[in-house]
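Peer 1: File follows, my_file35.pdb with PDB, C-alpha atoms, pLDDT in the B column:
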```pdb
ATOM      1  CA  MET A   9     -22.659  -4.087 -26.827  1.00 60.00           C
ATOM      2  CA  GLY A  10     -24.022  -7.631 -26.547  1.00 73.00           C
ATOM      3  CA  SER A  11     -26.108  -8.936 -23.658  1.00 76.00           C
ATOM      4  CA  LYS A  12     -23.187 -10.961 -22.261  1.00 74.00           C
ATOM      5  CA  GLU A  13     -20.893  -7.938 -22.190  1.00 80.00           C
ATOM      6  CA  ARG A  14     -23.642  -5.844 -20.587  1.00 78.00           C
ATOM      7  CA  ARG A  15     -24.183  -8.430 -17.862  1.00 77.00           C
ATOM      8  CA  GLU A  16     -20.457  -8.574 -17.152  1.00 80.00           C
ATOM      9  CA  ARG A  17     -20.269  -4.796 -16.923  1.00 83.00           C
ATOM     10  CA  GLU A  18     -23.276  -4.659 -14.587  1.00 80.00           C
ATOM     11  CA  LYS A  19     -21.778  -7.404 -12.427  1.00 81.00           C
ATOM     12  CA  GLU A  20     -18.485  -5.509 -12.158  1.00 81.00           C
ATOM     13  CA  GLN A  21     -20.321  -2.298 -11.260  1.00 85.00           C
ATOM     14  CA  ARG A  22     -22.275  -4.113  -8.537  1.00 85.00           C
ATOM     15  CA  LYS A  23     -19.080  -5.660  -7.131  1.00 83.00           C
ATOM     16  CA  ASN A  24     -17.479  -2.222  -7.005  1.00 83.00           C
ATOM     17  CA  GLN A  25     -20.546  -0.886  -5.189  1.00 87.00           C
ATOM     18  CA  ILE A  26     -20.250  -3.666  -2.603  1.00 88.00           C
ATOM     19  CA  LEU A  27     -16.541  -2.908  -2.165  1.00 83.00           C
ATOM     20  CA  ASP A  28     -17.305   0.779  -1.582  1.00 86.00           C
ATOM     21  CA  VAL A  29     -19.908  -0.066   1.047  1.00 89.00           C
ATOM     22  CA  ALA A  30     -17.639  -2.599   2.757  1.00 84.00           C
ATOM     23  CA  ARG A  31     -14.838  -0.044   2.892  1.00 82.00           C
ATOM     24  CA  GLU A  32     -17.133   2.516   4.530  1.00 85.00           C
ATOM     25  CA  LEU A  33     -18.444   0.062   7.099  1.00 86.00           C
ATOM     26  CA  LEU A  34     -15.009  -1.289   7.970  1.00 78.00           C
ATOM     27  CA  LEU A  35     -13.703   2.186   8.740  1.00 74.00           C
ATOM     28  CA  GLU A  36     -16.898   3.115  10.605  1.00 83.00           C
ATOM     29  CA  LYS A  37     -17.421  -0.010  12.681  1.00 81.00           C
ATOM     30  CA  GLY A  38     -14.400  -2.287  12.380  1.00 75.00           C
ATOM     31  CA  LEU A  39     -14.341  -5.813  11.007  1.00 70.00           C
ATOM     32  CA  ARG A  40     -15.932  -7.607  13.950  1.00 75.00           C
ATOM     33  CA  ALA A  41     -18.899  -5.233  14.157  1.00 82.00           C
ATOM     34  CA  THR A  42     -19.606  -5.318  10.423  1.00 84.00           C
ATOM     35  CA  SER A  43     -21.926  -8.050   9.201  1.00 87.00           C
ATOM     36  CA  ILE A  44     -22.912  -9.344   5.793  1.00 89.00           C
ATOM     37  CA  ASN A  45     -26.459  -8.211   6.572  1.00 92.00           C
ATOM     38  CA  GLN A  46     -25.221  -4.632   7.021  1.00 92.00           C
ATOM     39  CA  ILE A  47     -23.173  -4.737   3.823  1.00 91.00           C
ATOM     40  CA  ALA A  48     -26.067  -6.210   1.839  1.00 91.00           C
ATOM     41  CA  LYS A  49     -28.602  -3.735   3.237  1.00 91.00           C
ATOM     42  CA  ARG A  50     -26.484  -0.669   2.498  1.00 92.00           C
ATOM     43  CA  SER A  51     -25.732  -2.072  -0.960  1.00 90.00           C
ATOM     44  CA  GLU A  52     -29.499  -2.523  -1.525  1.00 90.00           C
ATOM     45  CA  LEU A  53     -29.066  -6.255  -1.990  1.00 90.00           C
ATOM     46  CA  SER A  54     -30.481  -9.325  -0.370  1.00 91.00           C
ATOM     47  CA  VAL A  55     -28.059 -11.490   1.595  1.00 90.00           C
ATOM     48  CA  GLY A  56     -28.515 -14.172  -1.036  1.00 90.00           C
ATOM     49  CA  ALA A  57     -27.561 -11.713  -3.777  1.00 89.00           C
ATOM     50  CA  PHE A  58     -24.435 -10.749  -1.818  1.00 89.00           C
ATOM     51  CA  TYR A  59     -23.232 -14.352  -1.961  1.00 88.00           C
ATOM     52  CA  PHE A  60     -23.558 -14.250  -5.739  1.00 88.00           C
ATOM     53  CA  TYR A  61     -20.644 -11.790  -5.768  1.00 86.00           C
ATOM     54  CA  TYR A  62     -18.571 -12.858  -2.745  1.00 86.00           C
ATOM     55  CA  ARG A  63     -18.444 -16.139  -0.855  1.00 85.00           C
ATOM     56  CA  SER A  64     -17.765 -14.546   2.531  1.00 82.00           C
ATOM     57  CA  LYS A  65     -17.093 -11.291   4.347  1.00 79.00           C
ATOM     58  CA  GLU A  66     -13.443 -12.306   4.632  1.00 79.00           C
ATOM     59  CA  GLU A  67     -13.137 -12.775   0.864  1.00 83.00           C
ATOM     60  CA  LEU A  68     -14.629  -9.317   0.382  1.00 83.00           C
ATOM     61  CA  TYR A  69     -12.089  -7.644   2.660  1.00 80.00           C
ATOM     62  CA  VAL A  70      -9.231  -9.524   1.027  1.00 83.00           C
ATOM     63  CA  ALA A  71     -10.470  -8.135  -2.291  1.00 84.00           C
ATOM     64  CA  LEU A  72     -10.311  -4.633  -0.791  1.00 83.00           C
ATOM     65  CA  GLN A  73      -6.730  -5.109   0.372  1.00 85.00           C
ATOM     66  CA  ARG A  74      -5.669  -6.554  -2.964  1.00 87.00           C
ATOM     67  CA  GLU A  75      -7.321  -3.647  -4.758  1.00 86.00           C
ATOM     68  CA  GLY A  76      -5.394  -1.125  -2.661  1.00 89.00           C
ATOM     69  CA  LEU A  77      -2.099  -2.998  -3.009  1.00 91.00           C
ATOM     70  CA  ASP A  78      -2.568  -3.199  -6.777  1.00 92.00           C
ATOM     71  CA  LEU A  79      -3.032   0.572  -6.864  1.00 93.00           C
ATOM     72  CA  LEU A  80       0.131   1.059  -4.788  1.00 94.00           C
ATOM     73  CA  TYR A  81       1.999  -1.362  -7.060  1.00 95.00           C
ATOM     74  CA  GLY A  82       1.006   0.705 -10.100  1.00 95.00           C
ATOM     75  CA  LEU A  83       2.171   3.939  -8.453  1.00 95.00           C
ATOM     76  CA  THR A  84       5.459   2.300  -7.449  1.00 95.00           C
ATOM     77  CA  THR A  85       6.274   0.892 -10.882  1.00 95.00           C
ATOM     78  CA  ALA A  86       5.387   4.212 -12.527  1.00 95.00           C
ATOM     79  CA  ALA A  87       7.690   6.036 -10.095  1.00 93.00           C
ATOM     80  CA  ILE A  88      10.793   4.191 -11.273  1.00 93.00           C
ATOM     81  CA  ARG A  89       9.936   3.602 -14.936  1.00 91.00           C
ATOM     82  CA  ARG A  90      12.123   6.363 -16.410  1.00 82.00           C
ATOM     83  CA  LYS A  91      14.726   6.543 -13.667  1.00 85.00           C
ATOM     84  CA  ARG A  92      18.164   4.938 -13.956  1.00 85.00           C
ATOM     85  CA  ASN A  93      19.936   6.026 -10.765  1.00 93.00           C
ATOM     86  CA  PRO A  94      19.096   3.662  -7.868  1.00 95.00           C
ATOM     87  CA  LYS A  95      19.075   6.512  -5.337  1.00 95.00           C
ATOM     88  CA  THR A  96      16.571   8.434  -7.428  1.00 95.00           C
ATOM     89  CA  LYS A  97      14.483   5.282  -7.763  1.00 96.00           C
ATOM     90  CA  ILE A  98      14.344   4.927  -3.985  1.00 97.00           C
ATOM     91  CA  ARG A  99      13.202   8.530  -3.656  1.00 96.00           C
ATOM     92  CA  GLY A 100      10.577   7.883  -6.311  1.00 96.00           C
ATOM     93  CA  ILE A 101       9.274   4.787  -4.545  1.00 96.00           C
ATOM     94  CA  ALA A 102       9.084   6.659  -1.248  1.00 96.00           C
ATOM     95  CA  GLN A 103       7.192   9.516  -2.911  1.00 96.00           C
ATOM     96  CA  ALA A 104       4.775   7.007  -4.467  1.00 96.00           C
ATOM     97  CA  TYR A 105       4.007   5.637  -0.999  1.00 95.00           C
ATOM     98  CA  LEU A 106       3.407   9.119   0.405  1.00 95.00           C
ATOM     99  CA  THR A 107       1.130   9.913  -2.550  1.00 95.00           C
ATOM    100  CA  PHE A 108      -0.782   6.707  -1.905  1.00 94.00           C
ATOM    101  CA  ALA A 109      -1.179   7.551   1.790  1.00 92.00           C
ATOM    102  CA  GLU A 110      -2.416  11.093   1.095  1.00 91.00           C
ATOM    103  CA  GLU A 111      -4.409  10.800  -2.126  1.00 91.00           C
ATOM    104  CA  HIS A 112      -5.885   7.330  -1.661  1.00 88.00           C
ATOM    105  CA  ARG A 113      -6.670   7.519   2.030  1.00 84.00           C
ATOM    106  CA  SER A 114      -9.460   4.945   2.058  1.00 79.00           C
ATOM    107  CA  TYR A 115      -7.205   2.248   0.607  1.00 84.00           C
ATOM    108  CA  PHE A 116      -4.308   3.282   2.810  1.00 87.00           C
ATOM    109  CA  ASP A 117      -6.541   3.149   5.895  1.00 81.00           C
ATOM    110  CA  ILE A 118      -7.824  -0.313   4.922  1.00 79.00           C
ATOM    111  CA  ILE A 119      -4.270  -1.662   4.601  1.00 81.00           C
ATOM    112  CA  ASN A 120      -3.248   0.108   7.802  1.00 80.00           C
ATOM    113  CA  PHE A 121      -6.246  -1.399   9.614  1.00 75.00           C
ATOM    114  CA  PHE A 122      -5.083  -4.909   8.823  1.00 72.00           C
ATOM    115  CA  LEU A 123      -1.434  -4.115   9.529  1.00 73.00           C
ATOM    116  CA  ASN A 124      -2.520  -3.193  13.042  1.00 69.00           C
ATOM    117  CA  THR A 125      -4.794  -6.226  13.427  1.00 64.00           C
ATOM    118  CA  SER A 126      -3.846  -9.883  13.549  1.00 56.00           C
ATOM    119  CA  SER A 127      -5.083 -11.072  10.156  1.00 52.00           C
ATOM    120  CA  GLU A 128      -4.831 -14.700  11.279  1.00 51.00           C
ATOM    121  CA  ILE A 129      -7.883 -14.036  13.449  1.00 53.00           C
ATOM    122  CA  PHE A 130     -10.034 -13.280  10.432  1.00 63.00           C
ATOM    123  CA  PHE A 131      -8.551 -14.924   7.357  1.00 68.00           C
ATOM    124  CA  SER A 132      -7.770 -18.436   6.254  1.00 72.00           C
ATOM    125  CA  GLU A 133      -4.171 -19.183   5.306  1.00 75.00           C
ATOM    126  CA  GLN A 134      -5.165 -19.198   1.635  1.00 76.00           C
ATOM    127  CA  LEU A 135      -6.733 -15.732   1.808  1.00 73.00           C
ATOM    128  CA  LYS A 136      -3.808 -14.367   3.824  1.00 75.00           C
ATOM    129  CA  GLU A 137      -1.380 -15.684   1.219  1.00 79.00           C
ATOM    130  CA  GLN A 138      -3.261 -13.782  -1.482  1.00 75.00           C
ATOM    131  CA  VAL A 139      -2.746 -10.504   0.384  1.00 78.00           C
ATOM    132  CA  ASP A 140       0.886 -11.292   1.211  1.00 81.00           C
ATOM    133  CA  GLU A 141       1.608 -12.092  -2.431  1.00 85.00           C
ATOM    134  CA  HIS A 142       0.377  -8.654  -3.514  1.00 84.00           C
ATOM    135  CA  GLY A 143       2.310  -6.916  -0.746  1.00 85.00           C
ATOM    136  CA  ASN A 144       5.512  -8.820  -1.488  1.00 91.00           C
ATOM    137  CA  ARG A 145       5.470  -7.605  -5.096  1.00 91.00           C
ATOM    138  CA  ILE A 146       5.944  -4.051  -3.857  1.00 92.00           C
ATOM    139  CA  VAL A 147       8.685  -4.923  -1.378  1.00 94.00           C
ATOM    140  CA  ASP A 148      10.440  -6.888  -4.131  1.00 95.00           C
ATOM    141  CA  ILE A 149      10.551  -3.798  -6.351  1.00 95.00           C
ATOM    142  CA  LEU A 150      12.462  -1.916  -3.662  1.00 96.00           C
ATOM    143  CA  ALA A 151      14.688  -4.910  -2.902  1.00 97.00           C
ATOM    144  CA  ASN A 152      15.582  -5.143  -6.606  1.00 96.00           C
ATOM    145  CA  VAL A 153      16.457  -1.437  -6.693  1.00 96.00           C
ATOM    146  CA  ILE A 154      18.745  -1.883  -3.690  1.00 97.00           C
ATOM    147  CA  ALA A 155      20.333  -4.948  -5.337  1.00 97.00           C
ATOM    148  CA  ASP A 156      20.926  -2.917  -8.511  1.00 95.00           C
ATOM    149  CA  GLY A 157      22.564  -0.188  -6.418  1.00 96.00           C
ATOM    150  CA  ILE A 158      24.879  -2.746  -4.833  1.00 96.00           C
ATOM    151  CA  ARG A 159      25.900  -4.033  -8.257  1.00 95.00           C
ATOM    152  CA  SER A 160      26.520  -0.497  -9.553  1.00 94.00           C
ATOM    153  CA  GLY A 161      28.613   0.416  -6.497  1.00 95.00           C
ATOM    154  CA  ASP A 162      26.177   3.048  -5.228  1.00 95.00           C
ATOM    155  CA  PHE A 163      25.257   0.987  -2.170  1.00 96.00           C
ATOM    156  CA  ARG A 164      27.131  -1.157   0.300  1.00 95.00           C
ATOM    157  CA  PRO A 165      26.577  -4.948   0.119  1.00 95.00           C
ATOM    158  CA  VAL A 166      23.589  -5.093   2.460  1.00 96.00           C
ATOM    159  CA  PRO A 167      20.828  -7.759   2.396  1.00 96.00           C
ATOM    160  CA  PRO A 168      18.408  -6.194  -0.148  1.00 97.00           C
ATOM    161  CA  LYS A 169      15.152  -7.701   1.120  1.00 96.00           C
ATOM    162  CA  ARG A 170      15.918  -6.911   4.756  1.00 96.00           C
ATOM    163  CA  TYR A 171      16.786  -3.307   3.975  1.00 97.00           C
ATOM    164  CA  ALA A 172      13.739  -2.939   1.739  1.00 96.00           C
ATOM    165  CA  LEU A 173      11.626  -3.944   4.735  1.00 95.00           C
ATOM    166  CA  ILE A 174      13.504  -1.480   6.954  1.00 96.00           C
ATOM    167  CA  LEU A 175      12.734   1.389   4.573  1.00 96.00           C
ATOM    168  CA  TRP A 176       9.063   0.415   4.206  1.00 94.00           C
ATOM    169  CA  ALA A 177       8.727   0.213   7.998  1.00 93.00           C
ATOM    170  CA  THR A 178      10.378   3.625   8.324  1.00 95.00           C
ATOM    171  CA  ILE A 179       8.283   5.514   5.787  1.00 95.00           C
ATOM    172  CA  HIS A 180       5.087   3.826   6.933  1.00 93.00           C
ATOM    173  CA  GLY A 181       5.870   4.872  10.483  1.00 91.00           C
ATOM    174  CA  VAL A 182       6.456   8.473   9.432  1.00 93.00           C
ATOM    175  CA  THR A 183       3.078   8.606   7.656  1.00 91.00           C
ATOM    176  CA  GLN A 184       1.450   7.756  10.988  1.00 87.00           C
ATOM    177  CA  LEU A 185       2.756  11.031  12.448  1.00 86.00           C
ATOM    178  CA  ARG A 186      -0.038  12.859  10.634  1.00 82.00           C
ATOM    179  CA  LYS A 187      -2.273  11.720  13.505  1.00 79.00           C
ATOM    180  CA  LEU A 188      -0.057  13.776  15.830  1.00 80.00           C
ATOM    181  CA  ARG A 189       0.063  16.956  13.760  1.00 77.00           C
ATOM    182  CA  HIS A 190      -1.630  18.975  16.512  1.00 79.00           C
ATOM    183  CA  THR A 191       0.529  17.589  19.339  1.00 84.00           C
ATOM    184  CA  ILE A 192       4.012  16.089  18.901  1.00 80.00           C
ATOM    185  CA  LEU A 193       4.275  17.197  15.258  1.00 80.00           C
ATOM    186  CA  ARG A 194       3.199  20.776  15.956  1.00 82.00           C
ATOM    187  CA  GLY A 195       5.651  23.175  14.325  1.00 82.00           C
ATOM    188  CA  GLU A 196       7.163  20.444  12.129  1.00 88.00           C
ATOM    189  CA  ASP A 197       6.479  19.665   8.483  1.00 89.00           C
ATOM    190  CA  LEU A 198       5.598  16.033   7.834  1.00 90.00           C
ATOM    191  CA  HIS A 199       6.885  16.085   4.264  1.00 93.00           C
ATOM    192  CA  THR A 200      10.267  17.398   5.409  1.00 94.00           C
ATOM    193  CA  ILE A 201      10.568  14.696   8.083  1.00 94.00           C
ATOM    194  CA  TYR A 202       9.564  12.092   5.489  1.00 95.00           C
ATOM    195  CA  ALA A 203      12.181  13.292   2.982  1.00 96.00           C
ATOM    196  CA  ASP A 204      14.847  13.405   5.716  1.00 96.00           C
ATOM    197  CA  ALA A 205      14.053   9.808   6.711  1.00 96.00           C
ATOM    198  CA  VAL A 206      14.496   8.659   3.107  1.00 97.00           C
ATOM    199  CA  GLU A 207      17.790  10.539   2.757  1.00 97.00           C
ATOM    200  CA  LEU A 208      19.099   9.081   6.017  1.00 97.00           C
ATOM    201  CA  PHE A 209      18.330   5.612   4.687  1.00 97.00           C
ATOM    202  CA  ILE A 210      20.102   6.317   1.386  1.00 97.00           C
ATOM    203  CA  ASP A 211      23.104   7.713   3.262  1.00 96.00           C
ATOM    204  CA  ALA A 212      23.188   4.681   5.547  1.00 96.00           C
ATOM    205  CA  ILE A 213      23.522   2.193   2.689  1.00 96.00           C
ATOM    206  CA  GLY A 214      25.566   4.418   0.390  1.00 94.00           C
ATOM    207  CA  THR A 215      29.221   3.792  -0.326  1.00 85.00           C
ATOM    208  CA  ALA A 216      31.909   6.130   1.032  1.00 59.00           C
ATOM    209  CA  GLY A 217      31.336   9.688  -0.095  1.00 49.00           C
ATOM    210  CA  ALA A 218      28.086   8.874  -1.891  1.00 46.00           C
ATOM    211  CA  GLY A 219      25.942   9.935   1.061  1.00 40.00           C
ATOM    212  CA  GLN A 220      26.758  13.613   0.390  1.00 42.00           C
ATOM    213  CA  GLU A 221      24.872  13.602  -2.910  1.00 44.00           C
ATOM    214  CA  ALA A 222      21.949  16.023  -2.810  1.00 41.00           C
ATOM    215  CA  PRO A 223      18.608  14.997  -4.322  1.00 46.00           C
ATOM    216  CA  THR A 224      18.514  16.043  -7.970  1.00 44.00           C
ATOM    217  CA  PRO A 225      16.077  15.327 -10.811  1.00 40.00           C
ATOM    218  CA  ASP A 226      16.995  12.176 -12.701  1.00 45.00           C
ATOM    219  CA  THR A 227      18.100  12.739 -16.278  1.00 34.00           C
TER     220      THR A 227
END
```
Written as structure tokens, that's how I'd like the structure from this file.
Peer 2:
Amino acid sequence: MGSKERREREKEQRKNQILDVARELLLEKGLRATSINQIAKRSELSVGAFYFYYRSKEELYVALQREGLDLLYGLTTAAIRRKRNPKTKIRGIAQAYLTFAEEHRSYFDIINFFLNTSSEIFFSEQLKEQVDEHGNRIVDILANVIADGIRSGDFRPVPPKRYALILWATIHGVTQLRKLRHTILRGEDLHTIYADAVELFIDAIGTAGAGQEAPTPDT
């Protein structure tokens, strides 16, 4: 490996270290209470060295969101790659989101943090557009699946993008019930509620008689 390649690898490793630290501090302290000084200190860097990798704290947190959304995008595309039936694709996308929420909690919590916080307070319009662009790619996958189902006759002629947003809002809301597992959710299984919510959505947009189809493996 040449010196240039080694420097690039070391730079990427250092950037990943900074991202890990920033993720920890954000979840510990929140965005307002986290400073570049804190990030640099925990990363064992000077403040000047931090600016070699990121131009601002806001740019760093946008990078974290994009990283998480890219991971979710990969899980979503993999979930539908070998599936032909639009209903099965929707179930696959929903399962990918649940997997992301449970197995990649730090990324999910970062995205959830900013969903529950007014991003306009922290980010420039340019940085916000970068995050929105990555998020829209995932919504567009679901909207395209719904559009395909309309064309195949599996779904009623509903507005695909609007109903994609409705499903994302629904399954995201159900994932939040895990915080209530010892109170309101006591005695209930989150995965069962999640699956029921997805099936209710599929039934709601299905054509006459199609809503009675039970979930089956796609062949």
Peer 1: Quick check, in Å to one decimal: how far apart do CA of Glu111 in chain A and CA of Thr183 in chain A lie?
Peer 2: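 About the pair CA of Glu111 in chain A and CA of Thr183 in chain A: they are 12.5 Å apart.
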Peer 1: What's the separation between CA of Ile44 in chain A and CA of Ala109 in chain A, in Å to one decimal place?
Peer 2: 27.8 Å
Peer 1: Taking the file as shown, what set of residues would the PyMOL selection byres ((chain A and resi 200-209) around 10) give back, as an mmCIF file with C-alpha atoms, keeping the file's coordinate frame?
Peer 2:
```cif
data_model
loop_
_atom_site.group_PDB
_atom_site.id
_atom_site.type_symbol
_atom_site.label_atom_id
_atom_site.label_comp_id
_atom_site.auth_asym_id
_atom_site.auth_seq_id
_atom_site.Cartn_x
_atom_site.Cartn_y
_atom_site.Cartn_z
ATOM 1 C CA LYS A 95 19.075 6.512 -5.337
ATOM 2 C CA ILE A 98 14.344 4.927 -3.985
ATOM 3 C CA ARG A 99 13.202 8.530 -3.656
ATOM 4 C CA ALA A 102 9.084 6.659 -1.248
ATOM 5 C CA GLN A 103 7.192 9.516 -2.911
ATOM 6 C CA LEU A 106 3.407 9.119 0.405
ATOM 7 C CA TYR A 171 16.786 -3.307 3.975
ATOM 8 C CA ILE A 174 13.504 -1.480 6.954
ATOM 9 C CA LEU A 175 12.734 1.389 4.573
ATOM 10 C CA TRP A 176 9.063 0.415 4.206
ATOM 11 C CA THR A 178 10.378 3.625 8.324
ATOM 12 C CA ILE A 179 8.283 5.514 5.787
ATOM 13 C CA HIS A 180 5.087 3.826 6.933
ATOM 14 C CA GLY A 181 5.870 4.872 10.483
ATOM 15 C CA VAL A 182 6.456 8.473 9.432
ATOM 16 C CA THR A 183 3.078 8.606 7.656
ATOM 17 C CA LEU A 185 2.756 11.031 12.448
ATOM 18 C CA LEU A 193 4.275 17.197 15.258
ATOM 19 C CA GLU A 196 7.163 20.444 12.129
ATOM 20 C CA ASP A 197 6.479 19.665 8.483
ATOM 21 C CA LEU A 198 5.598 16.033 7.834
ATOM 22 C CA HIS A 199 6.885 16.085 4.264
ATOM 23 C CA ILE A 210 20.102 6.317 1.386
ATOM 24 C CA ASP A 211 23.104 7.713 3.262
ATOM 25 C CA ALA A 212 23.188 4.681 5.547
ATOM 26 C CA ILE A 213 23.522 2.193 2.689
ATOM 27 C CA GLY A 214 25.566 4.418 0.390
ATOM 28 C CA GLY A 219 25.942 9.935 1.061
ATOM 29 C CA GLN A 220 26.758 13.613 0.390
ATOM 30 C CA GLU A 221 24.872 13.602 -2.910
ATOM 31 C CA ALA A 222 21.949 16.023 -2.810
ATOM 32 C CA PRO A 223 18.608 14.997 -4.322
#
```
Peer 1: Using only C-alpha atoms, which of the listed residues (A:Val153, A:Leu135, A:Ile118, A:Leu68) sits closest to Glu36 in chain A?
Peer 2: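 With only C-alpha atoms as the atom set, the closest residue is A:Ile118.
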Peer 1: Between A:Leu83, A:Thr215, A:Glu16, A:Gly143, single out the one closest to Arg164 in chain A, counting all atoms listed in the file.
Peer 2: A:Thr215
Peer 1: Using CA of Leu53 in chain A and CA of Glu133 in chain A as the two end points, give the distance in Å to one decimal.
Peer 2: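 According to the coordinates, CA of Leu53 in chain A and CA of Glu133 in chain A are separated by 29.0 Å.
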Peer 1: Would you list the contacts of Phe116 in chain A as a PDB file with C-alpha atoms, in the frame of the given file, taking every protein, DNA or RNA residue within 9 Å and counting all atoms listed in the file, but skipping same-chain residues closer than 6 positions in sequence?
Peer 2:
```
ATOM      1  CA  GLY A  76      -5.394  -1.125  -2.661  1.00 89.00           C
ATOM      2  CA  LEU A  77      -2.099  -2.998  -3.009  1.00 91.00           C
ATOM      3  CA  PHE A 108      -0.782   6.707  -1.905  1.00 94.00           C
ATOM      4  CA  ALA A 109      -1.179   7.551   1.790  1.00 92.00           C
ATOM      5  CA  GLU A 110      -2.416  11.093   1.095  1.00 91.00           C
TER       6      GLU A 110
END
```
Peer 1: Which residues are near Lys169 in chain A? Cut-off 9 Å, all atoms listed in the file, ignore same chain within fewer than 4 positions. Put them as a PyMOL selection string.
Peer 2: chain A and resi 147-148+150-152+154-155+173-174
Peer 1: I'd like to see the residues matched by the PyMOL selection byres ((chain A and resi 17-29) around 10) on this file, and ideally I'd get them as a PyMOL selection string.
Peer 2: chain A and resi 11-16+30-34+46-53+58+60-62+68-69+71-72+75+114
Peer 1: Ranking A:Arg63, A:Pro94, A:Arg145, A:Gly10 by minimum distance to Ser160 in chain A and counting all atoms listed in the file, which one comes first?
Peer 2: A:Pro94
Peer 1: Here's the selection I'm unsure about, the PyMOL selection byres ((chain A and resi 88) around 10); applied to the file above, which residues does it give, as a PyMOL selection string?
Peer 2: chain A and resi 83-87+89-94+96-101+104+149-150+153
Peer 1: Would you compute an axis-aligned box for range 33-46 of chain A, covering every atom listed for it in the file with 4 Å of margin on each side, and report centre and edge lengths in Å to one decimal as JSON?
Peer 2:
```
{"center_x": -20.1, "center_y": -3.1, "center_z": 10.0, "size_x": 20.8, "size_y": 20.5, "size_z": 16.4}
```
